[in-house]
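Everything below belongs to coords-v7.cif, which stores mmCIF, C-alpha atoms and all ligand atoms.
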```
data_data
loop_
_atom_site.group_PDB
_atom_site.id
_atom_site.type_symbol
_atom_site.label_atom_id
_atom_site.label_comp_id
_atom_site.auth_asym_id
_atom_site.auth_seq_id
_atom_site.Cartn_x
_atom_site.Cartn_y
_atom_site.Cartn_z
ATOM 1 C CA MET A 94 -31.806 54.368 -23.436
ATOM 2 C CA ASP A 95 -34.928 55.606 -25.237
ATOM 3 C CA ALA A 96 -35.064 52.437 -27.360
ATOM 4 C CA PHE A 97 -34.827 50.354 -24.203
ATOM 5 C CA LEU A 98 -37.689 52.229 -22.497
ATOM 6 C CA GLU A 99 -39.723 52.151 -25.736
ATOM 7 C CA GLU A 100 -40.348 48.415 -25.388
ATOM 8 C CA PHE A 101 -42.578 48.919 -22.339
ATOM 9 C CA LYS A 102 -45.049 50.930 -24.441
ATOM 10 C CA GLY A 103 -48.440 49.171 -24.449
ATOM 11 C CA LYS A 104 -47.373 46.524 -21.917
ATOM 12 C CA ASN A 105 -49.782 45.736 -19.088
ATOM 13 C CA VAL A 106 -47.964 45.972 -15.765
ATOM 14 C CA LEU A 107 -49.290 45.095 -12.314
ATOM 15 C CA VAL A 108 -47.388 46.648 -9.414
ATOM 16 C CA THR A 109 -48.576 45.369 -6.042
ATOM 17 C CA GLY A 110 -48.311 48.045 -3.362
ATOM 18 C CA GLY A 111 -48.071 50.662 -6.090
ATOM 19 C CA SER A 112 -49.776 53.338 -4.024
ATOM 20 C CA ARG A 113 -46.703 54.361 -2.015
ATOM 21 C CA GLY A 114 -42.941 54.213 -1.711
ATOM 22 C CA LEU A 115 -40.972 52.023 -4.084
ATOM 23 C CA GLY A 116 -44.080 50.599 -5.793
ATOM 24 C CA LYS A 117 -45.274 54.093 -6.655
ATOM 25 C CA GLU A 118 -41.896 55.035 -8.103
ATOM 26 C CA ILE A 119 -41.803 51.840 -10.198
ATOM 27 C CA SER A 120 -45.369 52.520 -11.387
ATOM 28 C CA GLU A 121 -44.449 56.050 -12.432
ATOM 29 C CA TRP A 122 -41.512 54.796 -14.517
ATOM 30 C CA PHE A 123 -43.715 52.306 -16.343
ATOM 31 C CA LEU A 124 -46.281 55.067 -16.910
ATOM 32 C CA LYS A 125 -43.552 57.322 -18.337
ATOM 33 C CA CYS A 126 -42.706 54.478 -20.723
ATOM 34 C CA GLY A 127 -46.293 54.267 -21.984
ATOM 35 C CA SER A 128 -47.309 51.078 -20.153
ATOM 36 C CA SER A 129 -50.814 50.451 -18.827
ATOM 37 C CA VAL A 130 -50.248 50.311 -15.095
ATOM 38 C CA ILE A 131 -52.425 48.597 -12.517
ATOM 39 C CA ILE A 132 -51.733 49.124 -8.832
ATOM 40 C CA CYS A 133 -53.198 47.534 -5.722
ATOM 41 C CA GLY A 134 -53.120 48.171 -2.000
ATOM 42 C CA ARG A 135 -55.236 47.672 1.105
ATOM 43 C CA LYS A 136 -56.298 51.242 1.746
ATOM 44 C CA GLN A 137 -58.539 53.160 -0.617
ATOM 45 C CA ASP A 138 -57.249 56.554 0.566
ATOM 46 C CA ASN A 139 -53.651 55.591 -0.332
ATOM 47 C CA LEU A 140 -54.814 54.368 -3.741
ATOM 48 C CA GLN A 141 -56.846 57.524 -4.345
ATOM 49 C CA LYS A 142 -53.896 59.741 -3.383
ATOM 50 C CA ALA A 143 -51.703 57.887 -5.882
ATOM 51 C CA ILE A 144 -54.393 58.081 -8.599
ATOM 52 C CA ASP A 145 -54.697 61.859 -8.021
ATOM 53 C CA GLU A 146 -50.933 62.434 -8.028
ATOM 54 C CA PHE A 147 -50.512 60.433 -11.230
ATOM 55 C CA LYS A 148 -53.434 62.313 -12.803
ATOM 56 C CA GLU A 149 -51.759 65.645 -12.013
ATOM 57 C CA LYS A 150 -48.750 64.394 -13.984
ATOM 58 C CA GLY A 151 -50.982 63.351 -16.877
ATOM 59 C CA TYR A 152 -51.109 59.608 -16.202
ATOM 60 C CA GLU A 153 -53.994 57.260 -15.616
ATOM 61 C CA VAL A 154 -53.752 54.069 -13.550
ATOM 62 C CA SER A 155 -56.196 51.319 -12.676
ATOM 63 C CA ALA A 156 -56.342 50.673 -8.951
ATOM 64 C CA TYR A 157 -57.694 47.783 -6.892
ATOM 65 C CA GLN A 158 -58.299 47.679 -3.176
ATOM 66 C CA VAL A 159 -56.865 44.268 -2.405
ATOM 67 C CA HIS A 160 -54.993 42.560 0.432
ATOM 68 C CA ILE A 161 -52.528 40.386 -1.458
ATOM 69 C CA ALA A 162 -52.770 37.520 1.033
ATOM 70 C CA ARG A 163 -56.568 37.225 0.594
ATOM 71 C CA SER A 164 -56.883 34.870 -2.341
ATOM 72 C CA GLU A 165 -60.544 35.691 -3.091
ATOM 73 C CA GLN A 166 -59.704 39.402 -3.383
ATOM 74 C CA VAL A 167 -56.690 38.649 -5.594
ATOM 75 C CA LYS A 168 -58.784 36.329 -7.815
ATOM 76 C CA GLY A 169 -61.429 39.072 -8.161
ATOM 77 C CA MET A 170 -58.755 41.583 -9.173
ATOM 78 C CA PHE A 171 -57.368 39.291 -11.886
ATOM 79 C CA GLU A 172 -60.859 38.528 -13.231
ATOM 80 C CA SER A 173 -61.469 42.248 -13.563
ATOM 81 C CA ILE A 174 -58.021 42.855 -15.135
ATOM 82 C CA LYS A 175 -58.739 40.113 -17.693
ATOM 83 C CA ASP A 176 -62.104 41.696 -18.536
ATOM 84 C CA GLN A 177 -60.714 45.222 -18.738
ATOM 85 C CA SER A 178 -57.392 44.712 -20.488
ATOM 86 C CA GLY A 179 -56.930 41.036 -21.358
ATOM 87 C CA GLY A 180 -54.260 40.299 -18.733
ATOM 88 C CA ILE A 181 -50.777 41.332 -17.675
ATOM 89 C CA ASP A 182 -47.329 41.047 -19.240
ATOM 90 C CA ILE A 183 -45.248 42.151 -16.259
ATOM 91 C CA LEU A 184 -45.844 41.541 -12.550
ATOM 92 C CA ILE A 185 -43.898 43.430 -9.921
ATOM 93 C CA ASN A 186 -44.457 41.743 -6.564
ATOM 94 C CA ASN A 187 -43.537 44.776 -4.510
ATOM 95 C CA VAL A 188 -45.717 44.522 -1.377
ATOM 96 C CA GLY A 189 -43.750 44.037 1.792
ATOM 97 C CA MET A 190 -44.256 44.837 5.459
ATOM 98 C CA ASN A 191 -42.320 44.501 8.650
ATOM 99 C CA ILE A 192 -43.139 44.779 12.295
ATOM 100 C CA LEU A 193 -40.181 44.980 14.628
ATOM 101 C CA THR A 194 -40.071 41.789 16.661
ATOM 102 C CA PRO A 195 -37.986 40.979 19.750
ATOM 103 C CA SER A 196 -36.364 37.739 18.520
ATOM 104 C CA VAL A 197 -37.510 34.811 16.430
ATOM 105 C CA SER A 198 -37.187 32.459 19.395
ATOM 106 C CA SER A 199 -39.664 34.520 21.411
ATOM 107 C CA VAL A 200 -41.923 35.939 18.716
ATOM 108 C CA ASP A 201 -45.652 35.572 19.153
ATOM 109 C CA GLU A 202 -47.166 33.034 16.711
ATOM 110 C CA ALA A 203 -49.797 35.478 15.414
ATOM 111 C CA LEU A 204 -47.116 38.042 14.563
ATOM 112 C CA TRP A 205 -45.053 35.378 12.786
ATOM 113 C CA ASP A 206 -48.133 34.444 10.707
ATOM 114 C CA LYS A 207 -48.879 38.076 9.832
ATOM 115 C CA ILE A 208 -45.354 38.840 8.592
ATOM 116 C CA ILE A 209 -44.985 35.573 6.663
ATOM 117 C CA GLU A 210 -48.525 35.884 5.269
ATOM 118 C CA THR A 211 -48.152 39.356 3.778
ATOM 119 C CA ASN A 212 -44.587 39.032 2.526
ATOM 120 C CA LEU A 213 -44.327 35.429 1.383
ATOM 121 C CA LYS A 214 -47.814 33.960 1.010
ATOM 122 C CA GLY A 215 -49.093 37.144 -0.641
ATOM 123 C CA THR A 216 -46.311 36.996 -3.245
ATOM 124 C CA PHE A 217 -47.196 33.350 -3.896
ATOM 125 C CA ILE A 218 -50.945 34.079 -4.206
ATOM 126 C CA VAL A 219 -50.506 36.957 -6.674
ATOM 127 C CA SER A 220 -47.963 34.978 -8.750
ATOM 128 C CA LYS A 221 -50.246 31.923 -8.823
ATOM 129 C CA GLU A 222 -53.065 33.995 -10.334
ATOM 130 C CA ALA A 223 -50.771 35.816 -12.767
ATOM 131 C CA ILE A 224 -48.992 32.747 -14.176
ATOM 132 C CA PRO A 225 -51.897 31.151 -16.147
ATOM 133 C CA ILE A 226 -52.648 34.564 -17.687
ATOM 134 C CA MET A 227 -49.006 35.019 -18.702
ATOM 135 C CA LYS A 228 -48.968 31.483 -20.137
ATOM 136 C CA GLU A 229 -52.031 32.316 -22.249
ATOM 137 C CA ARG A 230 -50.253 35.439 -23.530
ATOM 138 C CA GLY A 231 -47.124 33.462 -24.469
ATOM 139 C CA GLY A 232 -44.868 34.609 -21.623
ATOM 140 C CA GLY A 233 -44.136 37.343 -19.151
ATOM 141 C CA LYS A 234 -41.819 38.760 -16.528
ATOM 142 C CA ILE A 235 -42.155 38.504 -12.779
ATOM 143 C CA VAL A 236 -39.930 40.631 -10.567
ATOM 144 C CA ASN A 237 -40.119 40.066 -6.820
ATOM 145 C CA ILE A 238 -38.892 42.725 -4.424
ATOM 146 C CA SER A 239 -36.729 41.050 -1.826
ATOM 147 C CA SER A 240 -34.226 42.718 0.539
ATOM 148 C CA ILE A 241 -30.641 42.266 1.643
ATOM 149 C CA ALA A 242 -32.358 41.088 4.846
ATOM 150 C CA ALA A 243 -32.964 37.807 2.970
ATOM 151 C CA ARG A 244 -29.252 37.082 3.203
ATOM 152 C CA ARG A 245 -28.198 38.744 6.460
ATOM 153 C CA PRO A 246 -29.991 38.550 9.820
ATOM 154 C CA ALA A 247 -30.998 42.000 11.055
ATOM 155 C CA PRO A 248 -31.844 42.758 14.699
ATOM 156 C CA GLY A 249 -35.591 43.062 15.311
ATOM 157 C CA MET A 250 -36.354 41.892 11.781
ATOM 158 C CA GLY A 251 -35.863 38.137 12.085
ATOM 159 C CA VAL A 252 -39.247 37.020 10.754
ATOM 160 C CA TYR A 253 -39.025 39.529 7.874
ATOM 161 C CA CYS A 254 -35.540 38.155 7.025
ATOM 162 C CA ILE A 255 -36.996 34.637 6.901
ATOM 163 C CA ALA A 256 -39.949 35.768 4.747
ATOM 164 C CA LYS A 257 -37.631 37.541 2.293
ATOM 165 C CA ALA A 258 -35.336 34.486 2.145
ATOM 166 C CA GLY A 259 -38.497 32.539 1.267
ATOM 167 C CA ILE A 260 -39.241 35.019 -1.525
ATOM 168 C CA GLU A 261 -35.777 34.472 -2.994
ATOM 169 C CA MET A 262 -36.319 30.687 -3.007
ATOM 170 C CA LEU A 263 -39.852 31.171 -4.406
ATOM 171 C CA THR A 264 -38.189 33.201 -7.176
ATOM 172 C CA LYS A 265 -35.811 30.345 -8.001
ATOM 173 C CA VAL A 266 -38.452 27.599 -7.766
ATOM 174 C CA LEU A 267 -40.879 29.467 -10.043
ATOM 175 C CA ALA A 268 -38.051 30.380 -12.426
ATOM 176 C CA PHE A 269 -37.215 26.691 -12.734
ATOM 177 C CA GLU A 270 -40.834 25.603 -13.142
ATOM 178 C CA LEU A 271 -41.666 28.286 -15.713
ATOM 179 C CA ALA A 272 -38.470 28.395 -17.769
ATOM 180 C CA LYS A 273 -40.071 26.632 -20.744
ATOM 181 C CA GLU A 274 -43.103 28.941 -20.631
ATOM 182 C CA LYS A 275 -41.082 32.068 -21.438
ATOM 183 C CA ILE A 276 -41.888 33.448 -18.005
ATOM 184 C CA ASN A 277 -38.796 34.900 -16.348
ATOM 185 C CA VAL A 278 -38.880 35.135 -12.564
ATOM 186 C CA ASN A 279 -36.226 37.264 -10.895
ATOM 187 C CA ALA A 280 -35.813 39.416 -7.808
ATOM 188 C CA VAL A 281 -34.295 42.693 -6.710
ATOM 189 C CA ALA A 282 -32.830 42.960 -3.207
ATOM 190 C CA PRO A 283 -32.439 46.539 -2.009
ATOM 191 C CA ALA A 284 -30.854 47.782 1.192
ATOM 192 C CA MET A 285 -32.601 50.587 3.086
ATOM 193 C CA ILE A 286 -34.746 52.856 0.879
ATOM 194 C CA ARG A 287 -36.130 56.204 2.032
ATOM 195 C CA THR A 288 -39.847 55.280 2.244
ATOM 196 C CA ARG A 289 -42.489 55.174 4.969
ATOM 197 C CA PHE A 290 -41.638 51.503 5.579
ATOM 198 C CA SER A 291 -38.188 52.348 6.944
ATOM 199 C CA MET A 292 -39.005 55.803 8.383
ATOM 200 C CA PRO A 293 -38.382 54.773 12.019
ATOM 201 C CA PHE A 294 -34.724 54.232 11.027
ATOM 202 C CA TRP A 295 -33.917 57.139 8.706
ATOM 203 C CA SER A 296 -36.002 59.813 10.428
ATOM 204 C CA ASP A 297 -33.689 59.702 13.451
ATOM 205 C CA GLU A 298 -30.556 61.630 12.482
ATOM 206 C CA GLY A 299 -28.264 59.658 14.788
ATOM 207 C CA MET A 300 -29.554 56.332 13.546
ATOM 208 C CA LEU A 301 -29.342 57.472 9.921
ATOM 209 C CA LYS A 302 -25.665 58.432 10.356
ATOM 210 C CA GLU A 303 -24.964 55.050 11.932
ATOM 211 C CA ILE A 304 -26.678 53.220 9.043
ATOM 212 C CA GLU A 305 -24.897 55.351 6.430
ATOM 213 C CA SER A 306 -21.549 54.479 8.009
ATOM 214 C CA THR A 307 -22.212 50.804 7.120
ATOM 215 C CA ILE A 308 -22.864 51.599 3.440
ATOM 216 C CA PRO A 309 -19.730 51.967 1.274
ATOM 217 C CA MET A 310 -21.509 54.551 -0.911
ATOM 218 C CA GLY A 311 -22.300 56.514 2.258
ATOM 219 C CA ARG A 312 -26.059 56.964 1.845
ATOM 220 C CA ILE A 313 -29.317 55.045 1.905
ATOM 221 C CA ALA A 314 -31.221 54.495 -1.367
ATOM 222 C CA GLU A 315 -33.933 56.730 -2.791
ATOM 223 C CA PRO A 316 -36.789 54.779 -4.473
ATOM 224 C CA GLY A 317 -35.426 55.822 -7.895
ATOM 225 C CA ASP A 318 -32.133 54.012 -7.179
ATOM 226 C CA VAL A 319 -33.945 50.671 -7.280
ATOM 227 C CA VAL A 320 -36.008 51.183 -10.440
ATOM 228 C CA GLY A 321 -33.220 50.474 -12.974
ATOM 229 C CA ALA A 322 -32.786 46.875 -11.825
ATOM 230 C CA VAL A 323 -36.562 46.350 -11.907
ATOM 231 C CA LEU A 324 -36.895 47.738 -15.444
ATOM 232 C CA PHE A 325 -33.918 45.716 -16.689
ATOM 233 C CA LEU A 326 -35.356 42.447 -15.322
ATOM 234 C CA SER A 327 -38.762 43.351 -16.823
ATOM 235 C CA SER A 328 -37.245 43.918 -20.267
ATOM 236 C CA SER A 329 -36.232 41.736 -23.211
ATOM 237 C CA LEU A 330 -32.580 42.451 -22.292
ATOM 238 C CA ALA A 331 -33.166 39.942 -19.485
ATOM 239 C CA ASP A 332 -34.849 37.267 -21.652
ATOM 240 C CA PHE A 333 -32.137 34.696 -20.830
ATOM 241 C CA ILE A 334 -31.926 35.578 -17.127
ATOM 242 C CA THR A 335 -34.147 33.729 -14.683
ATOM 243 C CA GLY A 336 -33.977 32.816 -10.992
ATOM 244 C CA GLU A 337 -31.521 35.651 -10.313
ATOM 245 C CA VAL A 338 -31.403 38.297 -7.613
ATOM 246 C CA ILE A 339 -29.910 41.729 -8.274
ATOM 247 C CA THR A 340 -28.677 43.422 -5.112
ATOM 248 C CA VAL A 341 -29.124 47.206 -5.026
ATOM 249 C CA ASP A 342 -27.389 48.288 -1.846
ATOM 250 C CA GLY A 343 -24.635 50.862 -2.459
ATOM 251 C CA GLY A 344 -22.134 48.119 -1.580
ATOM 252 C CA SER A 345 -23.630 47.238 1.839
ATOM 253 C CA MET A 346 -23.170 43.509 1.389
ATOM 254 C CA LEU A 347 -19.438 44.013 0.710
ATOM 255 C CA LYS A 348 -18.884 44.928 4.362
HETATM 256 N N1 LIG B 1 -37.958 50.687 2.475
HETATM 257 C C1 LIG B 1 -36.917 49.923 2.668
HETATM 258 O O1 LIG B 1 -35.966 50.272 3.391
HETATM 259 C C2 LIG B 1 -36.829 48.583 1.983
HETATM 260 C C3 LIG B 1 -35.581 47.935 1.947
HETATM 261 C C4 LIG B 1 -35.491 46.717 1.290
HETATM 262 C C5 LIG B 1 -36.613 46.153 0.710
HETATM 263 N N2 LIG B 1 -37.802 46.807 0.783
HETATM 264 C C6 LIG B 1 -38.954 46.183 0.146
HETATM 265 O O2 LIG B 1 -39.440 47.073 -0.846
HETATM 266 C C7 LIG B 1 -40.839 46.829 -1.040
HETATM 267 C C8 LIG B 1 -41.592 48.149 -1.007
HETATM 268 O O3 LIG B 1 -41.414 48.718 0.265
HETATM 269 P P1 LIG B 1 -41.672 50.262 0.577
HETATM 270 O O4 LIG B 1 -40.541 50.700 1.381
HETATM 271 O O5 LIG B 1 -42.055 50.989 -0.646
HETATM 272 O O6 LIG B 1 -42.966 50.104 1.544
HETATM 273 P P2 LIG B 1 -44.133 51.134 1.886
HETATM 274 O O7 LIG B 1 -43.697 52.533 1.697
HETATM 275 O O8 LIG B 1 -44.612 50.724 3.242
HETATM 276 O O9 LIG B 1 -45.272 50.771 0.804
HETATM 277 C C9 LIG B 1 -45.897 49.521 0.858
HETATM 278 C C10 LIG B 1 -46.984 49.458 -0.177
HETATM 279 O O10 LIG B 1 -47.596 48.157 -0.104
HETATM 280 C C11 LIG B 1 -49.006 48.287 0.179
HETATM 281 N N3 LIG B 1 -49.369 47.153 1.034
HETATM 282 C C12 LIG B 1 -48.879 46.839 2.255
HETATM 283 N N4 LIG B 1 -49.412 45.685 2.696
HETATM 284 C C13 LIG B 1 -50.248 45.257 1.722
HETATM 285 C C14 LIG B 1 -51.087 44.116 1.570
HETATM 286 N N5 LIG B 1 -51.162 43.179 2.521
HETATM 287 N N6 LIG B 1 -51.816 43.979 0.429
HETATM 288 C C15 LIG B 1 -51.743 44.931 -0.555
HETATM 289 N N7 LIG B 1 -50.966 46.015 -0.467
HETATM 290 C C16 LIG B 1 -50.233 46.182 0.659
HETATM 291 C C17 LIG B 1 -49.132 49.661 0.844
HETATM 292 O O11 LIG B 1 -50.426 50.224 0.689
HETATM 293 P P3 LIG B 1 -51.553 50.001 1.858
HETATM 294 O O12 LIG B 1 -50.873 50.350 3.148
HETATM 295 O O13 LIG B 1 -52.665 50.907 1.489
HETATM 296 O O14 LIG B 1 -51.929 48.568 1.769
HETATM 297 C C18 LIG B 1 -48.108 50.448 0.037
HETATM 298 O O15 LIG B 1 -48.630 50.809 -1.221
HETATM 299 C C19 LIG B 1 -41.234 45.836 0.057
HETATM 300 O O16 LIG B 1 -41.253 44.540 -0.472
HETATM 301 C C20 LIG B 1 -40.133 45.956 1.076
HETATM 302 O O17 LIG B 1 -39.983 44.781 1.828
HETATM 303 C C21 LIG B 1 -37.940 48.015 1.385
#
```

Can the structure in the file be given as structure tokens, please?
Amino acid sequence: MDAFLEEFKGKNVLVTGGSRGLGKEISEWFLKCGSSVIICGRKQDNLQKAIDEFKEKGYEVSAYQVHIARSEQVKGMFESIKDQSGGIDILINNVGMNILTPSVSSVDEALWDKIIETNLKGTFIVSKEAIPIMKERGGGKIVNISSIAARRPAPGMGVYCIAKAGIEMLTKVLAFELAKEKINVNAVAPAMIRTRFSMPFWSDEGMLKEIESTIPMGRIAEPGDVVGAVLFLSSSLADFITGEVITVDGGSMLK
């Protein structure tokens, strides 16, 4: 295990949405492994809180206030990363958002755009900027955070399901295009994780019980449950794996 984690030492890792929830947990694991971690998010106060919490634990991160679907902001971030540290070796496309919507057939066009823009277009924009840098460095790993929603319609989450399905196809298309460049592109598809994102569901005891009854392992995930799959796909153990999706769902998709 130690030898496996050792290989992340000195690697430059960008975790989008690393200021909270799953992205923060992933960032902390890379920090523990001795990687140089860069995080980004829209809100400076969230970034600062993460910087302070990491500092208390003895870690330092670089942080950028960036909306991942604003290409000029993303370009600026990569220019600065190149100047500061030469580039990145590992990209974790973790940002995701959802707004409960009535149904896809009646959803407002602006809401559709917002959900698709942040989840799908943002992942494309960040990857597009990262790829030439990884090519220059002789390869890299991209891990996209999807969801089981990509493969199963969920009530009130139709547009998010479509965006995540798009991310899984983006993963496969990029994996195919980049296979000769030694850039592996894979995804991790979790079921519900206890973060702010899904708080409306798990904070209600009745709803939580109902959700847990659909999960063979009988509980929702903690952020740490998802990290193993992300680290594996970011490592040399996964050098011959590309275009794959690892489901991390306590058996939910078996039902
Ligand atoms: N939680 C779940 O139940 C669950 C289940 C399956 C999959 N997922 C996926 O897991 C990933 C992480 O979710 P989470 O639960 O950790 O979410 P979260 O707690 O809401 O954290 C989201 C992070 O992304 C940042 N962010 C949001 N929009 C952004 C944007 N447009 N540009 C840059 N940063 C942005 C947030 O910071 P700011 O707000 O400051 O921007 C925050 O750091 C997402 O892809 C989500 O779809 C989550």

Kindly compile the residues surrounding ligand LIG 1 (chain B) within 7 Å, counting only C-alpha atoms and all ligand atoms, and format them as number ranges by chain.
A: 109-116, 133-137, 139-140, 159-162, 187-190, 211, 238-241, 282-291

I'd like the residues picked by the PyMOL selection byres (((chain A and resi 216) around 8) and not hetatm) written out as a PDB file with C-alpha atoms, in the frame of the given file, using the chain letters and numbers from the file.
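Result file is out-v7.pdb:
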```
ATOM      1  CA  ILE A 161     -52.528  40.386  -1.458  1.00  0.00           C
ATOM      2  CA  ALA A 162     -52.770  37.520   1.033  1.00  0.00           C
ATOM      3  CA  ASN A 186     -44.457  41.743  -6.564  1.00  0.00           C
ATOM      4  CA  VAL A 188     -45.717  44.522  -1.377  1.00  0.00           C
ATOM      5  CA  THR A 211     -48.152  39.356   3.778  1.00  0.00           C
ATOM      6  CA  ASN A 212     -44.587  39.032   2.526  1.00  0.00           C
ATOM      7  CA  LEU A 213     -44.327  35.429   1.383  1.00  0.00           C
ATOM      8  CA  LYS A 214     -47.814  33.960   1.010  1.00  0.00           C
ATOM      9  CA  GLY A 215     -49.093  37.144  -0.641  1.00  0.00           C
ATOM     10  CA  PHE A 217     -47.196  33.350  -3.896  1.00  0.00           C
ATOM     11  CA  ILE A 218     -50.945  34.079  -4.206  1.00  0.00           C
ATOM     12  CA  VAL A 219     -50.506  36.957  -6.674  1.00  0.00           C
ATOM     13  CA  SER A 220     -47.963  34.978  -8.750  1.00  0.00           C
ATOM     14  CA  ASN A 237     -40.119  40.066  -6.820  1.00  0.00           C
ATOM     15  CA  ILE A 260     -39.241  35.019  -1.525  1.00  0.00           C
TER      16      ILE A 260
END
```

Nearby residues (all atoms listed in the file) at most 9 Å from Ile226 of chain A, same-chain spacing under 4 positions excluded, as a tab-separated table (two decimals) with C-alpha atoms, in the frame of the given file:
```tsv
chain	number	residue	atom	x	y	z
A	171	PHE	CA	-57.37	39.29	-11.89
A	175	LYS	CA	-58.74	40.11	-17.69
A	179	GLY	CA	-56.93	41.04	-21.36
A	180	GLY	CA	-54.26	40.30	-18.73
A	181	ILE	CA	-50.78	41.33	-17.68
A	182	ASP	CA	-47.33	41.05	-19.24
A	222	GLU	CA	-53.06	33.99	-10.33
A	230	ARG	CA	-50.25	35.44	-23.53
A	231	GLY	CA	-47.12	33.46	-24.47
A	232	GLY	CA	-44.87	34.61	-21.62
```

I'd like to see the residues matched by the PyMOL selection byres (((chain A and resi 104) around 10) and not hetatm) on this file, and ideally I'd get them as a PyMOL selection string.
chain A and resi 100-103+105-107+123-124+126-130+180-183

Tell me, in Å to one decimal, how far atom CA of Pro293 of chain A is from atom CA of Thr264 of chain A.
28.9 Å

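Counting only C-alpha atoms and comparing A:Asp138, A:Val252, A:Ser328, A:Val236, the residue that lies closest to Ala203 of chain A is A:Val252.
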
Residues in the PyMOL selection byres (((chain A and resi 153) around 12) and not hetatm), expressed as number ranges by chain
A: 120-121, 123-125, 127-132, 141, 143-152, 154-156
